[in-house]
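Reviewing the structure listed below.
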Amino acid sequence: MKTLLNLLWLVLSGFWLALGYVVAGIICCILIITIPFGIASFRIAAYALWPFGKTTVERRGAGTGSLLGNVIWIVFAGWWLALGHILTGLALCVTVVGIPFGIANFKLIPVSLMPLGREIVPTDRPFAAR
């Protein structure tokens, strides 16, 4: 079932959302100081491409540096990526078939706003990364 949902997701919105994260990652990798943001963006792009069966958890040991990085991320990239998830989620929730995909979009909003200090893990093992 996860595979079917992921394939439908890929066609309906996953490709375009992942493309947004890849563009943000490329822009962040242009400057040396923002490479950690680029790596986080590429990691989220893979999650946005194939989200069913995965979840995010907080990473232990992520402290003040992650918090400061997330504030910078929100200002420069996170707000427009989250806006993309909100708009896509609302558009998908218009139909009954699109409701699970709209909910998946809303599930991606927190990680799009604050990607640093989080890990993407399978849903059957959410505490394996801790």
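Note on naming: chains are A, B, ... as they come in the structure tokens, residues start from 1 per chain, ligands start from 1 in the order shown.
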Self-check item: Contacts of Leu68 of chain A within 12 Å, only C-alpha atoms, excl. fewer than 6 positions in-chain, as a list in words
Solution: Phe37, Ala62, Ile74, Val75, Met114, Pro115, Leu116 and Gly117 of chain A
Generate the output file for the selected residues, N, CA and C atoms, as a PDB file, in the first residue's frame.
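Here's the written file out02.pdb:
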ATOM      1  N   PHE A  37      23.057  23.507   5.033  1.00  0.00           N
ATOM      2  CA  PHE A  37      21.668  23.718   4.635  1.00  0.00           C
ATOM      3  C   PHE A  37      21.361  22.992   3.329  1.00  0.00           C
ATOM      4  N   ALA A  62      21.702  17.346  18.905  1.00  0.00           N
ATOM      5  CA  ALA A  62      21.497  18.548  18.101  1.00  0.00           C
ATOM      6  C   ALA A  62      21.109  19.669  19.051  1.00  0.00           C
ATOM      7  N   ILE A  74      14.736  29.233   8.244  1.00  0.00           N
ATOM      8  CA  ILE A  74      13.362  29.745   8.144  1.00  0.00           C
ATOM      9  C   ILE A  74      13.335  31.071   7.393  1.00  0.00           C
ATOM     10  N   VAL A  75      14.284  31.941   7.694  1.00  0.00           N
ATOM     11  CA  VAL A  75      14.303  33.269   7.075  1.00  0.00           C
ATOM     12  C   VAL A  75      14.584  33.182   5.579  1.00  0.00           C
ATOM     13  N   MET A 114      12.124  23.531   9.886  1.00  0.00           N
ATOM     14  CA  MET A 114      13.282  23.314  10.763  1.00  0.00           C
ATOM     15  C   MET A 114      13.922  21.960  10.467  1.00  0.00           C
ATOM     16  N   PRO A 115      14.747  21.866   9.405  1.00  0.00           N
ATOM     17  CA  PRO A 115      15.305  20.579   9.007  1.00  0.00           C
ATOM     18  C   PRO A 115      16.525  20.134   9.808  1.00  0.00           C
ATOM     19  N   LEU A 116      17.246  21.073  10.391  1.00  0.00           N
ATOM     20  CA  LEU A 116      18.467  20.707  11.098  1.00  0.00           C
ATOM     21  C   LEU A 116      18.122  20.104  12.453  1.00  0.00           C
ATOM     22  N   GLY A 117      18.817  19.041  12.815  1.00  0.00           N
ATOM     23  CA  GLY A 117      18.558  18.375  14.078  1.00  0.00           C
ATOM     24  C   GLY A 117      17.461  17.326  13.977  1.00  0.00           C
TER      25      GLY A 117
END
Exercise. Figure out the distance between atom CA of Asn70 of chain A and atom CA of Pro36 of chain A, please, to one decimal in Å.
Key: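 Taking atom CA of Pro36 of chain A and atom CA of Asn70 of chain A, their separation equals 10.9 Å.
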Quiz item: Between A:Ile103, A:Val121, A:Val57, A:Leu113, which is the closest to Ser41 of chain A once you count only C-alpha atoms?
Solution: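 Once distances to Ser41 of chain A are computed over only C-alpha atoms, the minimum belongs to A:Leu113.
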Exercise. Would you mind writing down, as a list in words, each residue of chain A that DSSP on the backbone assigns to strand (DSSP E or B)?
Key: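 The residues of chain A classed as strand (DSSP E or B) are Lys54, Thr55, Thr56, Val57, Glu58, Arg118, Glu119, Ile120, Val121 and Pro122 of chain A.
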Using C-alpha atoms, can you write the selected residues to a file as a PDB file, in the first residue's frame?
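Now in result-v1.pdb:
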ATOM      1  CA  LYS A  54       8.873   7.359   6.654  1.00  0.00           C
ATOM      2  CA  THR A  55       8.759   9.874   9.483  1.00  0.00           C
ATOM      3  CA  THR A  56      11.079  12.405  11.119  1.00  0.00           C
ATOM      4  CA  VAL A  57      12.516  12.267  14.614  1.00  0.00           C
ATOM      5  CA  GLU A  58      14.682  14.645  16.598  1.00  0.00           C
ATOM      6  CA  ARG A 118      16.054  15.926  12.549  1.00  0.00           C
ATOM      7  CA  GLU A 119      16.470  12.526  10.929  1.00  0.00           C
ATOM      8  CA  ILE A 120      14.233  10.698   8.478  1.00  0.00           C
ATOM      9  CA  VAL A 121      13.562   7.120   9.584  1.00  0.00           C
ATOM     10  CA  PRO A 122      11.155   4.320   8.581  1.00  0.00           C
TER      11      PRO A 122
END
Quiz item: What is the distance, in Å and to one decimal place, between atom CA of Leu10 of chain A and atom CA of Gly78 of chain A?
Solution: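 Atom-to-atom, atom CA of Leu10 of chain A and atom CA of Gly78 of chain A are spaced 21.3 Å apart.
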Quiz item: In terms of the shortest atom-to-atom distance over only C-alpha atoms, which of A:Asn105, A:Thr123, A:Ser112, A:Ser13 is closest to Phe76 of chain A?
Solution: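 The shortest atom-to-atom distance to Phe76 of chain A comes from A:Ser112.
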Quiz item: So which one's closest to Leu5 of chain A, A:Tyr47, A:Phe52, A:Trp79, A:Phe42? Using only C-alpha atoms, please.
Solution: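 Ranked by minimum distance to Leu5 of chain A, first place goes to A:Phe52.
Straight-line separation from atom CA of Leu19 of chain A to atom CA of Arg60 of chain A: 28.9 Å.
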Exercise. Rank nothing, just name the residue among A:Ile72, A:Val94, A:Leu49, A:Val111 nearest to Leu7 of chain A, using only C-alpha atoms.
Key: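 Checking each of A:Ile72, A:Val94, A:Leu49, A:Val111 against Leu7 of chain A, counting only C-alpha atoms, the winner is A:Leu49.
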